[in-house]
>>> print(open('my_file_25.cif').read())   # mmCIF, C-alpha atoms (C1' of nucleotides)
data_coords
loop_
_atom_site.group_PDB
_atom_site.id
_atom_site.type_symbol
_atom_site.label_atom_id
_atom_site.label_comp_id
_atom_site.auth_asym_id
_atom_site.auth_seq_id
_atom_site.Cartn_x
_atom_site.Cartn_y
_atom_site.Cartn_z
ATOM 1 C CA MET A 18 22.693 -46.912 35.543
ATOM 2 C CA ASP A 19 23.300 -50.415 34.426
ATOM 3 C CA ARG A 20 24.992 -52.928 36.622
ATOM 4 C CA VAL A 21 28.201 -54.123 35.046
ATOM 5 C CA ASN A 22 28.213 -57.597 36.495
ATOM 6 C CA GLU A 23 24.536 -58.359 36.625
ATOM 7 C CA PRO A 24 24.502 -62.126 37.154
ATOM 8 C CA THR A 25 22.455 -64.299 34.825
ATOM 9 C CA PRO A 26 20.115 -66.908 36.270
ATOM 10 C CA TYR A 27 20.704 -70.622 35.850
ATOM 11 C CA GLU A 28 19.543 -71.681 32.417
ATOM 12 C CA ARG A 29 16.851 -74.245 31.951
ATOM 13 C CA SER A 30 19.271 -77.133 31.392
ATOM 14 C CA PHE A 31 20.406 -76.748 34.997
ATOM 15 C CA PHE A 32 16.936 -77.839 36.109
ATOM 16 C CA GLU A 33 16.458 -80.498 33.427
ATOM 17 C CA ARG A 34 17.960 -83.210 35.600
ATOM 18 C CA ALA A 35 16.783 -85.638 38.233
ATOM 19 C CA PRO A 36 15.364 -83.724 41.226
ATOM 20 C CA ASP A 37 17.965 -85.163 43.586
ATOM 21 C CA ASP A 38 20.781 -83.855 41.374
ATOM 22 C CA VAL A 39 19.211 -80.407 41.277
ATOM 23 C CA ALA A 40 18.515 -80.451 45.023
ATOM 24 C CA ARG A 41 22.171 -81.168 45.693
ATOM 25 C CA ALA A 42 23.409 -78.611 43.168
ATOM 26 C CA LEU A 43 21.226 -75.894 44.689
ATOM 27 C CA ILE A 44 23.006 -76.125 48.046
ATOM 28 C CA GLY A 45 25.237 -73.056 48.169
ATOM 29 C CA SER A 46 23.495 -71.507 45.166
ATOM 30 C CA VAL A 47 21.874 -68.101 45.440
ATOM 31 C CA LEU A 48 18.153 -67.390 45.441
ATOM 32 C CA GLN A 49 17.405 -63.882 44.196
ATOM 33 C CA VAL A 50 14.124 -62.068 44.779
ATOM 34 C CA ARG A 51 13.289 -58.626 43.407
ATOM 35 C CA ASP A 52 10.598 -56.400 44.774
ATOM 36 C CA ALA A 53 9.653 -52.783 44.204
ATOM 37 C CA HIS A 54 12.331 -51.512 46.537
ATOM 38 C CA ARG A 55 15.282 -53.823 46.244
ATOM 39 C CA VAL A 56 16.894 -57.039 45.161
ATOM 40 C CA ARG A 57 17.621 -59.531 47.884
ATOM 41 C CA ARG A 58 19.823 -62.580 47.671
ATOM 42 C CA ALA A 59 20.084 -65.569 49.941
ATOM 43 C CA ARG A 60 22.344 -68.594 50.045
ATOM 44 C CA ILE A 61 20.414 -71.845 49.873
ATOM 45 C CA VAL A 62 21.376 -74.237 52.676
ATOM 46 C CA GLU A 63 18.602 -76.856 52.670
ATOM 47 C CA THR A 64 16.512 -78.513 49.944
ATOM 48 C CA GLU A 65 14.348 -81.563 49.368
ATOM 49 C CA ALA A 66 13.746 -83.492 46.153
ATOM 50 C CA TYR A 67 10.269 -84.660 45.152
ATOM 51 C CA ALA A 68 9.964 -87.122 42.306
ATOM 52 C CA GLY A 69 6.860 -87.741 40.250
ATOM 53 C CA PHE A 70 4.634 -90.748 39.875
ATOM 54 C CA ASP A 71 6.826 -93.129 41.849
ATOM 55 C CA ASP A 72 7.058 -90.878 44.922
ATOM 56 C CA PRO A 73 3.998 -91.006 47.209
ATOM 57 C CA GLY A 74 5.345 -87.963 49.057
ATOM 58 C CA SER A 75 5.073 -85.818 45.955
ATOM 59 C CA HIS A 76 2.109 -83.646 45.042
ATOM 60 C CA ALA A 77 2.473 -85.012 41.518
ATOM 61 C CA TYR A 78 1.948 -88.596 42.655
ATOM 62 C CA ARG A 79 -1.758 -88.773 41.832
ATOM 63 C CA GLY A 80 -1.562 -86.967 38.550
ATOM 64 C CA PRO A 81 -2.149 -83.338 37.595
ATOM 65 C CA THR A 82 -4.657 -81.112 39.372
ATOM 66 C CA PRO A 83 -5.249 -77.386 38.966
ATOM 67 C CA ARG A 84 -2.923 -76.697 41.884
ATOM 68 C CA THR A 85 -0.048 -78.927 40.772
ATOM 69 C CA ALA A 86 -0.265 -78.239 37.033
ATOM 70 C CA VAL A 87 3.095 -76.383 36.998
ATOM 71 C CA MET A 88 4.896 -79.500 38.178
ATOM 72 C CA PHE A 89 3.862 -81.198 34.956
ATOM 73 C CA GLY A 90 5.303 -78.433 32.798
ATOM 74 C CA PRO A 91 8.859 -77.489 31.852
ATOM 75 C CA ALA A 92 11.753 -77.293 34.305
ATOM 76 C CA GLY A 93 12.777 -74.024 35.933
ATOM 77 C CA PHE A 94 9.260 -72.836 36.761
ATOM 78 C CA LEU A 95 8.141 -72.148 40.329
ATOM 79 C CA TYR A 96 5.513 -74.197 42.118
ATOM 80 C CA VAL A 97 4.287 -72.399 45.237
ATOM 81 C CA TYR A 98 1.546 -73.806 47.451
ATOM 82 C CA LEU A 99 -0.077 -73.034 50.801
ATOM 83 C CA ILE A 100 0.372 -75.485 53.654
ATOM 84 C CA TYR A 101 -1.624 -75.662 56.897
ATOM 85 C CA GLY A 102 -3.543 -72.619 55.829
ATOM 86 C CA MET A 103 -0.712 -70.244 56.623
ATOM 87 C CA HIS A 104 2.708 -71.040 55.168
ATOM 88 C CA TRP A 105 3.802 -70.801 51.550
ATOM 89 C CA CYS A 106 6.257 -73.396 50.257
ATOM 90 C CA VAL A 107 8.331 -72.726 47.133
ATOM 91 C CA ASN A 108 9.600 -75.367 44.736
ATOM 92 C CA VAL A 109 11.414 -75.244 41.424
ATOM 93 C CA VAL A 110 10.285 -77.736 38.797
ATOM 94 C CA THR A 111 12.902 -80.214 37.557
ATOM 95 C CA GLU A 112 13.316 -82.648 34.649
ATOM 96 C CA GLY A 113 10.685 -81.747 32.079
ATOM 97 C CA VAL A 114 7.300 -82.314 30.539
ATOM 98 C CA GLY A 115 6.137 -85.866 31.215
ATOM 99 C CA THR A 116 8.276 -86.314 34.324
ATOM 100 C CA PRO A 117 6.771 -84.140 37.065
ATOM 101 C CA SER A 118 9.301 -83.478 39.821
ATOM 102 C CA ALA A 119 10.515 -80.555 41.865
ATOM 103 C CA VAL A 120 12.855 -79.315 44.582
ATOM 104 C CA LEU A 121 11.501 -77.706 47.752
ATOM 105 C CA LEU A 122 13.557 -74.849 49.215
ATOM 106 C CA ARG A 123 13.759 -75.404 52.963
ATOM 107 C CA GLY A 124 16.415 -73.049 54.260
ATOM 108 C CA ALA A 125 18.582 -70.087 53.282
ATOM 109 C CA VAL A 126 20.739 -67.314 54.679
ATOM 110 C CA LEU A 127 20.296 -63.718 53.587
ATOM 111 C CA LEU A 128 23.339 -62.227 51.840
ATOM 112 C CA GLY A 129 24.735 -58.714 51.981
ATOM 113 C CA HIS A 130 22.260 -57.300 54.448
ATOM 114 C CA ASP A 131 23.179 -53.775 55.498
ATOM 115 C CA ASP A 132 20.525 -52.931 58.033
ATOM 116 C CA ALA A 133 19.401 -54.539 61.240
ATOM 117 C CA ASP A 134 16.012 -55.504 59.813
ATOM 118 C CA ASP A 135 17.651 -57.697 57.204
ATOM 119 C CA ALA A 136 20.052 -59.201 59.698
ATOM 120 C CA ALA A 137 17.104 -60.420 61.728
ATOM 121 C CA VAL A 138 15.378 -62.189 58.826
ATOM 122 C CA ASN A 139 14.890 -65.861 59.585
ATOM 123 C CA LEU A 140 14.881 -68.117 56.523
ATOM 124 C CA ARG A 141 15.065 -71.424 58.382
ATOM 125 C CA GLY A 142 12.288 -73.760 57.307
ATOM 126 C CA PRO A 143 10.203 -73.593 54.116
ATOM 127 C CA GLY A 144 7.516 -71.385 55.649
ATOM 128 C CA ASN A 145 9.992 -68.926 57.084
ATOM 129 C CA LEU A 146 11.954 -68.812 53.837
ATOM 130 C CA THR A 147 8.979 -67.668 51.760
ATOM 131 C CA LYS A 148 7.773 -65.291 54.437
ATOM 132 C CA GLY A 149 11.203 -63.699 54.850
ATOM 133 C CA LEU A 150 11.707 -63.180 51.131
ATOM 134 C CA GLY A 151 8.104 -62.266 50.322
ATOM 135 C CA ILE A 152 7.366 -65.240 48.080
ATOM 136 C CA THR A 153 3.653 -66.117 47.825
ATOM 137 C CA GLY A 154 1.200 -68.042 45.705
ATOM 138 C CA SER A 155 1.207 -65.275 43.129
ATOM 139 C CA ASP A 156 4.761 -66.304 42.253
ATOM 140 C CA SER A 157 3.605 -69.800 41.364
ATOM 141 C CA GLY A 158 4.021 -70.536 37.665
ATOM 142 C CA LEU A 159 6.681 -67.957 36.954
ATOM 143 C CA ASP A 160 9.765 -68.887 34.976
ATOM 144 C CA SER A 161 12.909 -68.537 37.079
ATOM 145 C CA CYS A 162 15.062 -68.818 33.928
ATOM 146 C CA ASP A 163 13.638 -65.628 32.465
ATOM 147 C CA PRO A 164 16.290 -62.927 33.014
ATOM 148 C CA HIS A 165 13.552 -60.535 34.114
ATOM 149 C CA SER A 166 11.997 -62.980 36.548
ATOM 150 C CA ARG A 167 11.150 -61.685 40.015
ATOM 151 C CA VAL A 168 12.619 -64.859 41.482
ATOM 152 C CA SER A 169 15.691 -66.559 40.062
ATOM 153 C CA PHE A 170 18.636 -68.791 40.903
ATOM 154 C CA LEU A 171 22.276 -67.752 40.554
ATOM 155 C CA SER A 172 25.410 -69.812 40.764
ATOM 156 C CA ALA A 173 27.200 -70.323 44.065
ATOM 157 C CA MET A 174 29.648 -67.619 45.080
ATOM 158 C CA SER A 175 32.031 -70.295 46.300
ATOM 159 C CA THR A 176 32.202 -74.008 45.672
ATOM 160 C CA VAL A 177 30.601 -76.328 48.176
ATOM 161 C CA ALA A 178 32.554 -79.512 48.873
ATOM 162 C CA ASP A 179 30.607 -82.751 48.644
ATOM 163 C CA SER A 180 31.698 -83.546 52.181
ATOM 164 C CA ALA A 181 29.921 -80.392 53.399
ATOM 165 C CA ILE A 182 26.559 -81.604 52.120
ATOM 166 C CA GLY A 183 24.505 -83.901 54.339
ATOM 167 C CA VAL A 184 21.702 -86.185 53.166
ATOM 168 C CA THR A 185 18.802 -87.570 55.216
ATOM 169 C CA ARG A 186 15.200 -88.558 54.875
ATOM 170 C CA ARG A 187 12.708 -85.792 54.192
ATOM 171 C CA ILE A 188 10.845 -83.941 56.931
ATOM 172 C CA GLY A 189 7.168 -83.761 57.809
ATOM 173 C CA LEU A 190 5.747 -86.376 55.442
ATOM 174 C CA SER A 191 3.350 -89.164 56.257
ATOM 175 C CA LYS A 192 4.012 -90.952 52.968
ATOM 176 C CA GLY A 193 7.309 -91.480 51.176
ATOM 177 C CA ARG A 194 9.393 -91.139 54.320
ATOM 178 C CA GLU A 195 12.022 -93.712 53.341
ATOM 179 C CA ARG A 196 13.489 -91.667 50.518
ATOM 180 C CA GLU A 197 16.865 -90.040 51.312
ATOM 181 C CA SER A 198 16.232 -86.811 49.468
ATOM 182 C CA ARG A 199 16.916 -84.011 51.912
ATOM 183 C CA TYR A 200 20.141 -82.084 51.273
ATOM 184 C CA PHE A 201 21.702 -79.540 53.581
ATOM 185 C CA LEU A 202 24.865 -77.628 54.394
ATOM 186 C CA VAL A 203 26.311 -79.412 57.396
ATOM 187 C CA GLY A 204 26.431 -77.282 60.522
ATOM 188 C CA ASP A 205 24.565 -74.274 59.144
ATOM 189 C CA SER A 206 22.213 -72.674 61.659
ATOM 190 C CA ALA A 207 19.503 -72.134 59.018
ATOM 191 C CA VAL A 208 19.101 -75.876 58.548
ATOM 192 C CA SER A 209 15.927 -77.394 60.050
ATOM 193 C CA LYS A 210 16.210 -79.362 63.203
ATOM 194 C CA VAL A 211 15.728 -82.968 62.213
ATOM 195 C CA PRO A 212 13.457 -85.260 64.102
ATOM 196 C CA PRO A 213 16.157 -87.774 65.187
ATOM 197 C CA ALA A 214 13.804 -90.702 64.669
ATOM 198 C CA ASP A 215 13.623 -89.694 61.014
ATOM 199 C CA ARG A 216 17.248 -90.409 60.399
ATOM 200 C "C1'" DA B 18 14.245 -87.434 72.990
ATOM 201 C "C1'" DC B 19 9.553 -87.511 72.817
ATOM 202 C "C1'" DC B 20 4.664 -85.886 72.664
ATOM 203 C "C1'" DA B 21 0.972 -82.454 72.225
ATOM 204 C "C1'" DC B 22 -1.153 -78.336 70.852
ATOM 205 C "C1'" DG B 23 -3.184 -74.344 68.330
ATOM 206 C "C1'" DA B 24 -3.254 -71.410 64.554
ATOM 207 C "C1'" DT B 25 -5.776 -71.408 60.070
ATOM 208 C "C1'" DG B 26 -7.162 -72.116 54.630
ATOM 209 C "C1'" DC B 27 -7.988 -74.938 51.014
ATOM 210 C "C1'" DA B 28 -7.382 -78.737 47.587
ATOM 211 C "C1'" DC B 29 -9.155 -82.868 46.835
ATOM 212 C "C1'" DT B 30 -12.371 -87.125 47.219
ATOM 213 C "C1'" DG C 29 -15.111 -84.077 55.764
ATOM 214 C "C1'" DT C 30 -10.070 -85.169 55.839
ATOM 215 C "C1'" DG C 31 -5.465 -84.215 55.714
ATOM 216 C "C1'" DC C 32 -1.810 -81.597 54.945
ATOM 217 C "C1'" DA C 33 6.088 -81.181 52.093
ATOM 218 C "C1'" DT C 34 4.729 -75.896 58.992
ATOM 219 C "C1'" DC C 35 6.040 -73.230 63.209
ATOM 220 C "C1'" DG C 36 6.489 -72.088 67.766
ATOM 221 C "C1'" DT C 37 5.916 -73.256 72.345
ATOM 222 C "C1'" DG C 38 5.521 -75.998 76.330
ATOM 223 C "C1'" DG C 39 5.225 -80.403 78.935
ATOM 224 C "C1'" DT C 40 7.043 -85.156 80.376
ATOM 225 C "C1'" DT C 41 10.542 -89.002 80.685
#
>>> encode(input="my_file_25.cif", output="structure tokens")
Amino acid sequence: MDRVNEPTPYERSFFERAPDDVARALIGSVLQVRDAHRVRRARIVETEAYAGFDDPGSHAYRGPTPRTAVMFGPAGFLYVYLIYGMHWCVNVVTEGVGTPSAVLLRGAVLLGHDDADDAAVNLRGPGNLTKGLGITGSDSGLDSCDPHSRVSFLSAMSTVADSAIGVTRRIGLSKGRERESRYFLVGDSAVSKVPPADR
DNA sequence: ACCACGATGCACT
DNA sequence: GTGCATCGTGGTT
């Protein structure tokens, strides 16, 4: 019972670019997560770019640690970490070995949900996104470019106009707040509410 | 628009 | 021991 039009995930070269380019390109793209029961897909509506050594807001800023090791590896791999003791945050690594950088997924909208449970899933905010799709620390380090990967990225179902993508400073940081590296689909309800002072 | 809080675990110095 | 790339709620101006 093979699917005829099984989509292939973005290849590694998609992620081998500056994190801001990838963050922008991921808006409108599809995040796919498989579990034992089903495959779920969600449209990405908000991302943030984190650069490497020159970005004090990035976990890679102070060099590799056991936790952040994936960020220093090849592009396309997932970096998932726990924040405030209760929320998982998922990133995809960008650029490549020697230039640690990543894109944080901050908001999405579930696609093709048939039942009421799915319709109620809230993927607004990085913590809600991972919770709603069942992404945890055990997904950290997996290769999203592997066709069999549990988590992968697929191309947008429709093109997103540049004018539909907003850019602001990033949210929730104490360091590196100046950087304009937050990308979002203008007007989408799954986009985080921005602290106005942050703009 | 702004501030404050509690929940809750752990990586890092 | 300190400080989080959060979330929801509730209070004040």
>>> resolve_selection(input="my_file_25.cif", expression="the PyMOL selection byres ((chain A and resi 145) around 10)", output="PyMOL selection string")
(chain A and resi 104-106+123-125+138-144+146-151) or (chain C and resi 34-35)
>>> interface_residues(input="my_file_25.cif", of="chain A", to="chain C", cutoff="12 Å", atoms="all atoms listed in the file", output="PyMOL selection string")
chain A and resi 64-67+73-77+97-108+119-123+141-148+187-194+198-199+209-210
>>> write_last_selection(input="my_file_25.cif", atoms="C-alpha atoms", output="PDB file, keeping the file's coordinate frame")
ATOM      1  CA  THR A  64      16.512 -78.513  49.944  1.00  0.00           C
ATOM      2  CA  GLU A  65      14.348 -81.563  49.368  1.00  0.00           C
ATOM      3  CA  ALA A  66      13.746 -83.492  46.153  1.00  0.00           C
ATOM      4  CA  TYR A  67      10.269 -84.660  45.152  1.00  0.00           C
ATOM      5  CA  PRO A  73       3.998 -91.006  47.209  1.00  0.00           C
ATOM      6  CA  GLY A  74       5.345 -87.963  49.057  1.00  0.00           C
ATOM      7  CA  SER A  75       5.073 -85.818  45.955  1.00  0.00           C
ATOM      8  CA  HIS A  76       2.109 -83.646  45.042  1.00  0.00           C
ATOM      9  CA  ALA A  77       2.473 -85.012  41.518  1.00  0.00           C
ATOM     10  CA  VAL A  97       4.287 -72.399  45.237  1.00  0.00           C
ATOM     11  CA  TYR A  98       1.546 -73.806  47.451  1.00  0.00           C
ATOM     12  CA  LEU A  99      -0.077 -73.034  50.801  1.00  0.00           C
ATOM     13  CA  ILE A 100       0.372 -75.485  53.654  1.00  0.00           C
ATOM     14  CA  TYR A 101      -1.624 -75.662  56.897  1.00  0.00           C
ATOM     15  CA  GLY A 102      -3.543 -72.619  55.829  1.00  0.00           C
ATOM     16  CA  MET A 103      -0.712 -70.244  56.623  1.00  0.00           C
ATOM     17  CA  HIS A 104       2.708 -71.040  55.168  1.00  0.00           C
ATOM     18  CA  TRP A 105       3.802 -70.801  51.550  1.00  0.00           C
ATOM     19  CA  CYS A 106       6.257 -73.396  50.257  1.00  0.00           C
ATOM     20  CA  VAL A 107       8.331 -72.726  47.133  1.00  0.00           C
ATOM     21  CA  ASN A 108       9.600 -75.367  44.736  1.00  0.00           C
ATOM     22  CA  ALA A 119      10.515 -80.555  41.865  1.00  0.00           C
ATOM     23  CA  VAL A 120      12.855 -79.315  44.582  1.00  0.00           C
ATOM     24  CA  LEU A 121      11.501 -77.706  47.752  1.00  0.00           C
ATOM     25  CA  LEU A 122      13.557 -74.849  49.215  1.00  0.00           C
ATOM     26  CA  ARG A 123      13.759 -75.404  52.963  1.00  0.00           C
ATOM     27  CA  ARG A 141      15.065 -71.424  58.382  1.00  0.00           C
ATOM     28  CA  GLY A 142      12.288 -73.760  57.307  1.00  0.00           C
ATOM     29  CA  PRO A 143      10.203 -73.593  54.116  1.00  0.00           C
ATOM     30  CA  GLY A 144       7.516 -71.385  55.649  1.00  0.00           C
ATOM     31  CA  ASN A 145       9.992 -68.926  57.084  1.00  0.00           C
ATOM     32  CA  LEU A 146      11.954 -68.812  53.837  1.00  0.00           C
ATOM     33  CA  THR A 147       8.979 -67.668  51.760  1.00  0.00           C
ATOM     34  CA  LYS A 148       7.773 -65.291  54.437  1.00  0.00           C
ATOM     35  CA  ARG A 187      12.708 -85.792  54.192  1.00  0.00           C
ATOM     36  CA  ILE A 188      10.845 -83.941  56.931  1.00  0.00           C
ATOM     37  CA  GLY A 189       7.168 -83.761  57.809  1.00  0.00           C
ATOM     38  CA  LEU A 190       5.747 -86.376  55.442  1.00  0.00           C
ATOM     39  CA  SER A 191       3.350 -89.164  56.257  1.00  0.00           C
ATOM     40  CA  LYS A 192       4.012 -90.952  52.968  1.00  0.00           C
ATOM     41  CA  GLY A 193       7.309 -91.480  51.176  1.00  0.00           C
ATOM     42  CA  ARG A 194       9.393 -91.139  54.320  1.00  0.00           C
ATOM     43  CA  SER A 198      16.232 -86.811  49.468  1.00  0.00           C
ATOM     44  CA  ARG A 199      16.916 -84.011  51.912  1.00  0.00           C
ATOM     45  CA  SER A 209      15.927 -77.394  60.050  1.00  0.00           C
ATOM     46  CA  LYS A 210      16.210 -79.362  63.203  1.00  0.00           C
TER      47      LYS A 210
END
>>> residues_around(input="my_file_25.cif", residues="A:Arg34", least_positions_apart="6", cutoff="12 Å", atoms="all atoms listed in the file", output="VMD selection string")
chain A and resid 40 to 42 66 68 91 to 93 109 to 114 116 to 120
>>> resolve_selection(input="my_file_25.cif", expression="the PyMOL selection byres ((chain B) within 8 of (chain A))", output="CSV table (one decimal) with C-alpha atoms (C1' of nucleotides), keeping the file's coordinate frame")
chain,number,residue,atom,x,y,z
B,25,DT,C1',-5.8,-71.4,60.1
B,26,DG,C1',-7.2,-72.1,54.6
B,27,DC,C1',-8.0,-74.9,51.0
B,28,DA,C1',-7.4,-78.7,47.6
>>> closest_residue(input="my_file_25.cif", among="A:Cys162, A:Ile152, A:Ile61, A:Ala207", to="A:Ile44", atoms="all atoms listed in the file")
A:Ile61
>>> residues_around(input="my_file_25.cif", residues="A:Gly45", least_positions_apart="4", cutoff="7 Å", atoms="only C-alpha atoms (C1' of nucleotides)", output="list in words")
Arg60, Ile61, Val62, Ala173 and Val177 of chain A
>>> axis_aligned_box(input="my_file_25.cif", around="stretch 101-113 of chain A", padding_each_side="8 Å", output="AutoDock Vina command-line options")
--center_x 4.9 --center_y -76.4 --center_z 44.5 --size_x 32.9 --size_y 28.4 --size_z 40.8
>>> atom_distance(input="my_file_25.cif", atom1="atom CA of A:Gly90", atom2="atom CA of A:Phe201")
26.5 Å
>>> atom_distance(input="my_file_25.cif", atom1="atom CA of A:Glu28", atom2="atom CA of A:Val50")
16.6 Å
>>> atom_distance(input="my_file_25.cif", atom1="atom CA of A:Ala86", atom2="atom CA of A:Asp37")
20.6 Å
>>> closest_residue(input="my_file_25.cif", among="A:Val126, A:Leu159, A:Val203, A:Val168", to="A:Val56", atoms="all atoms listed in the file")
A:Val168
